$ cat my_file.txt   # compact mmCIF, C-alpha atoms
# COMPACT_ATOMS: atom_id res chain seq x y z
CA MET U 1 157.69 142.43 59.33
CA SER U 2 161.11 143.55 60.45
CA TYR U 3 162.86 140.22 59.93
CA GLY U 4 162.13 136.77 58.58
CA LEU U 5 161.24 135.48 55.14
CA SER U 6 158.62 136.84 52.75
CA VAL U 7 157.70 135.00 49.55
CA VAL U 8 156.06 137.06 46.81
CA ASN U 9 154.86 136.22 43.32
CA SER U 10 155.69 138.11 40.13
CA ASN U 11 152.92 140.61 40.83
CA GLY U 12 154.50 141.49 44.14
CA VAL U 13 151.72 139.81 46.08
CA GLU U 14 152.96 138.15 49.22
CA VAL U 15 151.96 134.50 49.42
CA LEU U 16 153.72 133.59 52.67
CA ASN U 17 155.82 135.11 55.38
CA THR U 18 157.28 133.79 58.59
CA GLU U 19 154.84 135.73 60.76
CA ARG U 20 152.09 133.45 59.56
CA THR U 21 151.21 129.94 60.52
CA THR U 22 149.95 126.96 58.63
CA TRP U 23 149.28 123.24 58.72
CA ASN U 24 150.95 120.72 56.45
CA VAL U 25 149.60 117.37 55.27
CA LEU U 26 151.92 114.62 56.41
CA ASP U 27 149.91 111.61 55.35
CA PHE U 28 146.41 110.35 54.61
CA PHE U 29 144.96 106.84 54.56
CA LEU U 30 141.85 104.77 55.11
CA VAL U 31 141.42 103.06 58.47
CA SER U 32 139.28 99.94 58.60
CA SER U 33 140.63 98.24 61.72
CA SER U 34 142.19 99.23 65.03
CA GLN U 35 145.85 99.98 64.42
CA THR U 36 148.86 102.04 65.43
CA VAL U 37 150.91 103.84 62.80
CA PRO U 38 153.96 106.07 63.09
CA VAL U 39 153.43 109.81 62.71
CA PRO U 40 155.27 110.83 59.55
CA ALA U 41 157.80 113.65 59.77
CA SER U 42 157.58 113.54 63.55
CA GLY U 43 161.13 114.78 63.76
CA TYR U 44 160.29 118.00 61.95
CA CYS U 45 156.94 119.16 63.31
CA THR U 46 156.11 120.03 66.89
CA GLU U 47 152.30 119.88 66.68
CA PHE U 48 150.07 117.31 65.06
CA LYS U 49 146.41 116.79 64.41
CA VAL U 50 144.46 114.02 62.78
CA ALA U 51 141.22 114.89 61.00
CA ILE U 52 138.81 112.00 60.44
CA TYR U 53 135.98 111.87 57.93
CA HIS U 54 133.07 109.68 57.00
CA THR U 55 133.64 108.01 53.64
CA VAL U 56 130.28 106.29 53.20
CA GLU U 57 126.62 107.18 53.47
CA PHE U 58 125.30 106.57 56.95
CA PRO U 59 123.99 103.02 57.22
CA SER U 60 120.28 102.90 58.06
CA ASN U 61 120.53 99.88 60.34
CA GLN U 62 123.59 100.36 62.52
CA GLU U 63 125.74 102.85 64.36
CA ALA U 64 128.42 104.27 62.09
CA ILE U 65 131.32 104.50 64.51
CA LEU U 66 134.47 106.14 63.21
CA TYR U 67 137.94 105.00 64.22
CA VAL U 68 139.09 107.65 66.71
CA PRO U 69 142.76 108.70 66.63
CA THR U 70 144.93 109.26 69.68
CA ILE U 71 148.34 110.80 69.16
CA ASN U 72 150.98 109.51 71.52
CA GLY U 73 154.43 110.94 70.87
CA THR U 74 155.53 109.68 67.49
CA SER U 75 152.61 107.34 66.81
CA VAL U 76 148.88 107.59 66.31
CA THR U 77 146.49 104.85 67.42
CA PHE U 78 143.04 104.33 65.89
CA THR U 79 140.46 102.46 67.95
CA GLY U 80 136.80 101.72 68.37
CA GLY U 81 135.38 102.02 64.87
CA ASN U 82 133.17 99.86 62.70
CA ILE U 83 133.22 101.78 59.40
CA THR U 84 136.05 102.79 57.12
CA THR U 85 137.41 106.15 58.20
CA LEU U 86 139.46 108.62 56.18
CA ALA U 87 142.34 109.94 58.30
CA VAL U 88 144.38 113.00 57.38
CA VAL U 89 147.50 113.57 59.48
CA MET U 90 148.65 117.16 59.63
CA GLY U 91 151.64 118.74 61.31
CA ARG U 92 153.35 122.07 61.74
CA MET A 1 173.48 118.89 55.96
CA TYR A 2 171.20 120.10 53.16
CA GLY A 3 167.65 121.14 52.52
CA LEU A 4 165.32 123.88 53.66
CA ASP A 5 163.51 124.32 56.94
CA ILE A 6 161.63 127.55 57.66
CA LYS A 7 159.68 127.99 60.86
CA ASN A 8 157.75 130.85 62.40
CA ASP A 9 158.31 132.33 65.87
CA SER A 10 156.19 129.57 67.40
CA GLY A 11 158.45 126.89 65.95
CA HIS A 12 155.78 125.71 63.51
CA VAL A 13 157.01 124.42 60.16
CA LEU A 14 156.09 126.77 57.31
CA ILE A 15 158.31 125.43 54.56
CA SER A 16 160.39 122.27 54.67
CA ASP A 17 162.02 119.89 52.26
CA SER A 18 160.68 117.06 54.46
CA VAL A 19 157.11 118.18 55.10
CA PRO A 20 154.69 118.74 52.19
CA SER A 21 152.88 122.06 52.51
CA LEU A 22 149.20 122.62 51.87
CA HIS A 23 148.51 124.72 48.78
CA PHE A 24 145.34 126.15 47.29
CA MET A 25 144.44 124.20 44.17
CA GLY A 26 141.12 125.82 43.29
CA LYS A 27 137.44 125.58 44.13
CA ALA A 28 135.52 122.33 43.94
CA THR A 29 132.90 122.00 41.21
CA TYR A 30 129.34 122.27 42.45
CA ALA A 31 127.42 119.17 41.30
CA GLY A 32 123.96 119.90 42.69
CA ILE A 33 121.76 119.29 45.68
CA GLU A 34 121.80 115.71 46.95
CA PHE A 35 118.58 116.19 48.90
CA THR A 36 116.46 118.65 50.89
CA ARG A 37 114.36 117.24 53.74
CA SER A 38 113.69 117.20 57.50
CA THR A 39 111.04 119.94 57.42
CA GLY A 40 108.71 117.70 59.41
CA PHE A 41 107.91 114.10 60.28
CA PRO A 42 106.71 112.17 57.23
CA GLY A 43 103.21 110.79 57.78
CA TYR A 44 102.56 112.99 60.81
CA SER A 45 100.67 116.25 61.04
CA GLY A 46 100.28 117.95 64.38
CA SER A 47 102.12 119.81 67.08
CA TYR A 48 105.90 120.31 66.74
CA ASP A 49 105.80 119.06 63.15
CA SER A 50 107.56 122.14 61.77
CA LEU A 51 111.29 121.48 61.55
CA GLU A 52 114.06 123.69 60.20
CA GLY A 53 115.08 121.32 57.41
CA VAL A 54 118.40 120.37 55.89
CA VAL A 55 120.18 120.57 52.53
CA VAL A 56 123.01 118.30 51.41
CA TYR A 57 125.12 119.59 48.51
CA ARG A 58 127.49 117.59 46.35
CA PHE A 59 130.84 118.84 45.07
CA ILE A 60 133.50 117.18 42.96
CA THR A 61 137.20 117.84 42.67
CA SER A 62 140.03 116.12 40.87
CA VAL A 63 143.08 115.96 43.08
CA ASN A 64 145.90 113.45 42.92
CA ASN A 65 145.90 113.00 46.68
CA VAL A 66 143.56 113.81 49.54
CA PRO A 67 141.94 117.27 49.45
CA VAL A 68 141.62 119.34 52.60
CA VAL A 69 138.24 121.01 52.29
CA PHE A 70 137.44 124.54 53.41
CA ILE A 71 133.84 125.72 53.50
CA LYS A 72 132.99 129.34 52.78
CA PRO A 73 129.33 129.61 53.86
CA SER A 74 126.81 131.28 51.60
CA ASN A 75 124.81 132.16 54.71
CA TYR A 76 126.79 132.76 57.89
CA SER A 77 123.72 132.28 60.11
CA LEU A 78 123.51 128.55 59.28
CA PHE A 79 125.43 125.44 60.32
CA TYR A 80 127.67 123.66 57.80
CA GLY A 81 129.90 120.62 57.79
CA VAL A 82 131.54 117.98 55.63
CA LEU A 83 129.12 115.07 55.66
CA THR A 84 131.23 112.60 53.66
CA GLN A 85 134.45 112.78 51.69
CA ARG A 86 135.36 109.88 49.43
CA LEU A 87 137.28 108.93 46.34
CA ASN A 88 135.00 107.98 43.45
CA GLY A 89 137.03 106.81 40.47
CA SER A 90 139.60 109.51 39.87
CA SER A 91 137.58 112.27 41.53
CA TRP A 92 136.87 113.17 45.12
CA GLU A 93 133.22 113.51 46.02
CA ILE A 94 132.40 115.83 48.90
CA GLN A 95 128.99 116.12 50.53
CA ILE A 96 128.30 119.27 52.51
CA ILE A 97 125.45 119.38 55.02
CA GLN A 98 123.73 122.67 55.82
CA SER A 99 120.96 123.40 58.32
CA SER A 100 117.70 124.98 57.02
CA THR A 101 116.20 124.73 53.53
CA TYR A 102 118.17 127.75 52.28
CA SER A 103 119.55 126.46 49.00
CA ILE A 104 122.40 128.63 47.75
CA PRO A 105 125.49 126.40 47.87
CA PRO A 106 128.59 127.36 49.83
CA GLU A 107 131.93 127.70 48.06
CA ILE A 108 134.41 124.90 48.62
CA TYR A 109 138.10 125.75 48.59
CA ILE A 110 140.44 122.83 47.99
CA PHE A 111 143.91 122.57 49.50
CA CYS A 112 146.40 119.76 48.97
CA SER A 113 150.10 119.08 48.74
CA VAL A 114 151.90 120.02 45.53
CA ALA A 115 151.92 116.38 44.47
CA GLY A 116 148.16 116.45 44.39
CA ILE A 117 147.75 119.57 42.28
CA ASN A 118 146.81 118.81 38.70
CA VAL A 119 146.40 122.34 37.35
CA SER A 120 149.26 124.05 35.57
CA ASN A 121 150.70 127.42 36.51
CA SER A 122 152.70 129.69 34.22
CA GLU A 123 154.25 131.73 37.03
CA THR A 124 158.05 131.78 36.72
CA VAL A 125 158.94 133.58 39.95
CA GLY A 126 158.88 132.13 43.44
CA LEU A 127 160.28 129.50 45.73
CA GLN A 128 160.24 125.72 45.54
CA ALA A 129 161.50 123.15 48.02
CA PHE A 130 162.30 119.54 47.12
CA ASP A 131 162.67 116.40 49.20
CA THR A 132 165.53 113.94 48.79
CA SER A 133 163.62 112.13 46.03
CA GLY A 134 163.18 115.28 44.00
CA ASN A 135 159.50 115.70 44.86
CA VAL A 136 158.28 119.25 45.38
CA THR A 137 157.20 119.87 48.98
CA PHE A 138 156.56 123.61 48.64
CA ASP A 139 155.75 125.72 45.58
CA SER A 140 154.92 129.38 46.08
CA ARG A 141 153.15 129.54 42.69
CA TYR A 142 150.22 127.85 44.42
CA PRO A 143 149.12 129.98 47.40
CA PRO A 144 150.02 128.13 50.60
CA LEU A 145 147.48 127.74 53.37
CA ASN A 146 147.56 130.67 55.77
CA VAL A 147 145.85 129.74 58.99
CA ILE A 148 144.12 132.58 60.81
CA ASN A 149 143.04 130.62 63.85
CA THR A 150 142.41 127.12 65.18
CA VAL A 151 139.69 126.13 67.63
CA ASP A 152 139.04 122.82 69.40
CA ILE A 153 135.32 122.39 69.86
CA GLN A 154 132.53 119.82 69.99
CA SER A 155 128.75 119.97 69.76
CA PRO A 156 126.57 119.57 72.86
CA THR A 157 125.48 116.00 73.49
CA VAL A 158 121.72 116.44 73.13
CA PRO A 159 120.80 118.31 69.92
CA GLY A 160 117.20 119.33 70.76
CA ASN A 161 116.75 123.01 71.65
CA SER A 162 115.69 122.20 75.21
CA GLY A 163 118.98 120.42 75.87
CA VAL A 164 117.04 117.57 77.46
CA ALA A 165 116.71 114.23 75.70
CA PRO A 166 113.16 113.17 74.78
CA THR A 167 111.72 110.35 76.83
CA SER A 168 109.48 107.31 76.59
CA THR A 169 106.16 107.61 78.42
CA SER A 170 103.50 104.99 79.02
CA VAL A 171 100.05 105.84 80.40
CA SER A 172 97.00 103.73 81.14
CA SER A 173 94.12 106.13 80.49
CA LYS A 174 91.24 106.40 78.05
CA SER A 175 91.53 110.17 77.66
CA TYR A 176 95.29 109.93 77.01
CA TYR A 177 94.56 107.16 74.50
CA GLN A 178 92.09 109.39 72.66
CA ASN A 179 94.19 112.53 72.39
CA TRP A 180 97.51 112.85 74.24
CA VAL A 181 99.27 109.88 72.66
CA MET A 182 98.88 111.18 69.11
CA ASN A 183 100.45 114.61 69.63
CA LEU A 184 104.15 115.29 69.78
CA ASP A 185 105.24 117.36 72.79
CA TYR A 186 108.98 117.67 72.12
CA ASP A 187 110.83 120.23 69.97
CA PHE A 188 113.30 118.35 67.76
CA ASN A 189 114.66 121.59 66.26
CA CYS A 190 118.30 122.28 67.07
CA ASN A 191 118.98 125.76 65.67
CA ASN A 192 119.57 127.24 69.15
CA ARG A 193 121.63 124.39 70.54
CA TYR A 194 125.43 124.77 70.27
CA ASN A 195 128.71 125.29 72.11
CA THR A 196 130.55 128.56 71.50
CA THR A 197 134.19 129.59 71.39
CA THR A 198 134.97 133.25 70.86
CA LEU A 199 137.94 134.31 68.76
CA SER A 200 139.57 137.46 67.51
CA SER A 201 140.59 137.90 63.91
CA ASN A 202 140.74 140.73 61.44
CA VAL A 203 139.21 138.70 58.63
CA ALA A 204 136.22 140.39 56.99
CA SER A 205 133.06 138.63 58.15
CA ASN A 206 132.14 137.60 54.61
CA ASN A 207 135.59 136.13 53.92
CA VAL A 208 135.74 133.62 56.78
CA MET A 209 136.11 130.00 55.74
CA PHE A 210 136.81 126.92 57.81
CA SER A 211 137.91 123.32 57.68
CA ALA A 212 136.75 120.75 60.22
CA SER A 213 135.75 117.14 60.19
CA THR A 214 132.16 116.79 61.36
CA THR A 215 132.14 113.42 63.00
CA THR A 216 129.34 113.47 65.53
CA GLN A 217 125.91 111.98 64.89
CA ALA A 218 122.90 111.54 67.12
CA VAL A 219 119.53 109.82 67.10
CA TYR A 220 116.79 110.89 69.51
CA LEU A 221 113.32 109.44 69.96
CA ARG A 222 110.09 110.55 71.63
CA ARG A 223 107.81 107.57 72.38
CA LYS A 224 104.28 107.84 73.71
CA TYR A 225 102.17 104.86 74.63
CA ALA A 226 98.61 104.82 75.98
CA SER A 227 96.19 101.99 76.68
CA TYR A 228 92.89 101.30 78.40
CA ARG A 229 90.37 98.50 78.74
CA SER A 230 86.83 99.33 77.72
CA ASP A 231 83.70 98.11 79.41
CA GLY A 232 82.04 95.25 77.66
CA GLY A 233 78.42 96.21 78.14
CA TYR A 234 75.44 94.31 76.80
CA GLY A 235 77.19 91.03 77.40
CA SER A 236 80.31 91.85 75.40
CA ASP A 237 83.81 91.08 76.67
CA THR A 238 86.01 93.96 77.73
CA GLN A 239 88.41 95.14 75.08
CA PHE A 240 92.05 96.17 75.39
CA HIS A 241 93.00 99.27 73.36
CA GLU A 242 96.50 100.60 72.82
CA LYS A 243 98.35 103.16 70.73
CA GLU A 244 102.05 103.68 70.40
CA TYR A 245 103.42 106.75 68.60
CA LYS A 246 107.10 107.40 67.97
CA TRP A 247 108.87 110.43 66.50
CA ALA A 248 112.61 110.35 65.86
CA ALA A 249 115.29 112.55 64.37
CA MET A 250 118.83 111.82 63.27
CA TYR A 251 121.27 114.70 63.57
CA HIS A 252 124.66 115.49 62.17
CA GLN A 253 127.19 117.93 63.53
CA GLY A 254 127.60 121.36 61.92
CA TYR A 255 129.46 124.60 62.52
CA LYS A 256 128.45 128.23 62.36
CA VAL A 257 131.52 130.42 61.94
CA SER A 258 132.07 134.18 61.99
CA ASN A 259 135.10 136.41 62.51
CA THR A 260 134.31 136.61 66.24
CA ALA A 261 133.07 133.15 67.21
CA VAL A 262 132.82 129.48 66.32
CA LEU A 263 129.61 127.63 67.17
CA ALA A 264 129.48 123.83 67.12
CA GLY A 265 125.90 122.68 66.75
CA TRP A 266 123.69 120.43 64.70
CA ALA A 267 121.61 119.94 61.57
CA ILE A 268 118.65 117.55 61.33
CA TYR A 269 119.81 114.85 58.91
CA ASN A 270 116.57 112.85 58.78
CA THR A 271 113.31 112.16 60.57
CA ALA A 272 111.06 109.15 61.17
CA PHE A 273 107.54 108.55 62.45
CA SER A 274 105.66 105.46 63.56
CA ALA A 275 102.04 104.99 64.66
CA ARG A 276 100.64 101.69 65.93
CA ASN A 277 96.99 101.15 66.86
CA TYR A 278 95.61 97.97 68.34
CA VAL A 279 92.13 96.94 69.54
CA GLU A 280 91.65 93.55 71.10
CA GLY A 281 89.16 91.15 69.54
CA ASP A 282 85.60 91.10 70.88
CA SER A 283 83.03 88.40 70.44
CA GLY A 284 80.44 91.17 70.59
CA PHE A 285 76.82 91.24 71.55
CA ILE A 286 75.72 89.28 68.51
CA GLY A 287 78.80 87.20 68.20
CA ILE A 288 80.73 89.14 65.54
CA GLY A 289 83.83 91.24 65.82
CA GLY A 290 87.59 90.70 65.71
CA GLU A 291 90.95 92.15 66.44
CA SER A 292 91.94 95.37 64.79
CA SER A 293 95.53 96.40 64.39
CA SER A 294 97.39 98.82 62.18
CA THR A 295 100.94 100.09 62.06
CA SER A 296 102.22 102.98 59.98
CA THR A 297 105.94 103.64 59.82
CA THR A 298 107.87 106.19 57.78
CA GLY A 299 111.63 106.29 57.99
CA THR A 300 113.97 104.04 59.91
CA LEU A 301 116.23 104.42 62.89
CA PRO A 302 119.82 103.26 62.46
CA TYR A 303 120.23 102.87 66.22
CA ILE A 304 118.59 103.58 69.55
CA GLN A 305 118.73 107.02 71.09
CA LYS A 306 122.28 108.21 71.66
CA THR A 307 125.05 110.51 70.45
CA ILE A 308 128.06 108.86 68.84
CA ASN A 309 131.49 109.88 67.56
CA GLN A 310 131.49 112.79 69.96
CA ILE A 311 135.07 114.01 69.89
CA SER A 312 136.61 117.45 70.08
CA ASN A 313 137.45 118.48 66.54
CA THR A 314 140.04 121.00 65.50
CA LEU A 315 138.51 123.68 63.33
CA ILE A 316 140.91 125.65 61.10
CA ILE A 317 139.92 129.16 60.07
CA ALA A 318 141.34 130.90 57.01
CA ASP A 319 140.70 134.02 54.96
CA SER A 320 139.14 133.22 51.58
CA SER A 321 140.22 136.58 50.14
CA PHE A 322 143.83 135.30 49.94
CA TYR A 323 142.68 132.84 47.29
CA ASP A 324 140.02 134.75 45.31

$ encode --input "my_file.txt" --output "structure tokens"
Amino acid sequence: MSYGLSVVNSNGVEVLNTERTTWNVLDFFLVSSSQTVPVPASGYCTEFKVAIYHTVEFPSNQEAILYVPTINGTSVTFTGGNITTLAVVMGR
Amino acid sequence: MYGLDIKNDSGHVLISDSVPSLHFMGKATYAGIEFTRSTGFPGYSGSYDSLEGVVVYRFITSVNNVPVVFIKPSNYSLFYGVLTQRLNGSSWEIQIIQSSTYSIPPEIYIFCSVAGINVSNSETVGLQAFDTSGNVTFDSRYPPLNVINTVDIQSPTVPGNSGVAPTSTSVSSKSYYQNWVMNLDYDFNCNNRYNTTTLSSNVASNNVMFSASTTTQAVYLRRKYASYRSDGGYGSDTQFHEKEYKWAAMYHQGYKVSNTAVLAGWAIYNTAFSARNYVEGDSGFIGIGGESSSTSTTGTLPYIQKTINQISNTLIIADSSFYD
């Protein structure tokens, strides 16, 4: 790299430089009903993504529908689910 | 004005006093195989009974907040995914699903914010960033996540290799009742069914690891029904005969990842089989006889044939060699 920032450890191994890219965890929470929540740190990051995960074994007698996130500007809306969903909001 | 805000050329936040970074905390502890199954339909033996199988592994990690899980496959020709991720007491329990009965576990790399890291580090050189409350948001002593690539991808709707959903068929025929109805004619395997996105990276093929939520599930069912009415003969009443056979598979999304492509496909999570035979009662030539009915069912279906939770997931690719 010809300019920018490089972070190295005491062994001289580079752990990060500004040519790279990353994602940062802004928030995480369980979703058990339809809801809209503000996107944290929305004034700092320009891109967001919400990863959702199953938190329980699949029920044997029903559809396990996750709450699906939709990001709209500075808020994220979860809709349509019937089981508790782990949401991880990331930004960069 | 105060604080620290470092972005790359794309304007993405790398280090900030306001945004917690993701750091490598260590590898999750392998806690064993949860189950191996789906190599066939329980209670059935016949055509199309040989299925590729599935293994679900269990891992545990102690993190003070949510872990972001990266999977480094032990076999890059198979499909993997996070089946469930949940907090159990003070530990996070992670189930990883893998297609096939191959049983060497993948390696699970755990990333979280500095607040979640509960392992000490004696390094005295580096860079830290703090928020206004004095909490560390970046700490170079714990390797930060370096993203190689991101891909938005989803699995095809129908998991079966043919790409066509199995159907329900009813026939009124003695010959179909005697043979056809009892034999499966649909391939429930899904090893060749996926969507592909190509990518370019200079990561060594055996160092690729990925993080993605695997949300999509599917249940598909093949139903065959045949009936006929027999002649009475010798003064007997006619008899109604019927058989109903059902084969079903439940699938869960998985990913096959290399340094040149990402494939979003499926693994067979479970199977079920049901056989019902019924013969109508008959007073018979000498006045004896009776109805005959039997039903054999193995496994259950959580819902009727469909694919659910089908959303486009963002898959993050990283180089495991940064953290080994």

$ closest_residue --input "my_file.txt" --among "U:Thr21, U:Asn11, U:Ser42, U:Thr74" --to "chain A" --atoms "only C-alpha atoms"
U:Thr21

$ residues_around --input "my_file.txt" --residues "U:Phe29" --least-positions-apart "5" --cutoff "8 Å" --atoms "all atoms listed in the file" --output "list of chain:residue names"
U:Leu86, U:Ala87, U:Val88

$ residues_around --input "my_file.txt" --residues "U:Gln35" --least-positions-apart "5" --cutoff "7 Å" --atoms "all atoms listed in the file" --output "list in words"
Thr77, Phe78 and Thr79 of chain U

$ interface_residues --input "my_file.txt" --of "chain A" --to "chain U" --cutoff "8 Å" --atoms "only C-alpha atoms" --output "ChimeraX atom specification"
/A:6-9,11-14,18-22,66,82-86,112-113,123-127,140-141,143-148,212-215,300-303,308-309,313-314

$ closest_residue --input "my_file.txt" --among "A:Trp180, A:Trp266, A:Phe79, A:Tyr109" --to "A:Thr61" --atoms "all atoms listed in the file"
A:Tyr109

$ axis_aligned_box --input "my_file.txt" --around "stretch 100-110 of chain A" --padding-each-side "6 Å" --output "AutoDock Vina command-line options"
--center_x 128.3 --center_y 125.7 --center_z 52.4 --size_x 36.2 --size_y 17.8 --size_z 21.3

$ atom_distance --input "my_file.txt" --atom1 "atom CA of A:Gly160" --atom2 "atom CA of A:Thr39"
14.7 Å

$ atom_distance --input "my_file.txt" --atom1 "atom CA of A:Val54" --atom2 "atom CA of A:Ile97"
7.2 Å

$ residues_near_point --input "my_file.txt" --point "(136.3, 138.2, 52.5)" --cutoff "10 Å" --atoms "all atoms listed in the file" --output "list of chain:residue names"
A:Lys72, A:Val203, A:Ala204, A:Ser205, A:Asn206, A:Asn207, A:Val208, A:Met209, A:Ala318, A:Asp319, A:Ser320, A:Ser321, A:Phe322, A:Tyr323, A:Asp324

$ atom_distance --input "my_file.txt" --atom1 "atom CA of A:Arg193" --atom2 "atom CA of A:Pro159"
6.2 Å

$ residues_near_point --input "my_file.txt" --point "(92.6, 101.2, 83.7)" --cutoff "9 Å" --atoms "all atoms listed in the file" --output "list in words"
Ser172, Ser173, Lys174, Ser227, Tyr228, Arg229 and Ser230 of chain A

$ closest_residue --input "my_file.txt" --among "A:Ile316, A:Leu78, A:Ile304, A:Ile96" --to "A:Phe35" --atoms "all atoms listed in the file"
A:Ile96

$ residues_around --input "my_file.txt" --residues "A:Ser74" --least-positions-apart "6" --cutoff "9 Å" --atoms "all atoms listed in the file" --output "list in words"
Ile104, Pro105, Pro106, Glu107 and Asn206 of chain A

$ write_last_selection --input "my_file.txt" --atoms "C-alpha atoms" --output "short mmCIF file (atom, residue, chain, number, x, y, z; two decimals), in the coordinates of the input"
data_model
loop_
_atom_site.label_atom_id
_atom_site.label_comp_id
_atom_site.auth_asym_id
_atom_site.auth_seq_id
_atom_site.Cartn_x
_atom_site.Cartn_y
_atom_site.Cartn_z
CA ILE A 104 122.40 128.63 47.75
CA PRO A 105 125.49 126.40 47.87
CA PRO A 106 128.59 127.36 49.83
CA GLU A 107 131.93 127.70 48.06
CA ASN A 206 132.14 137.60 54.61
#
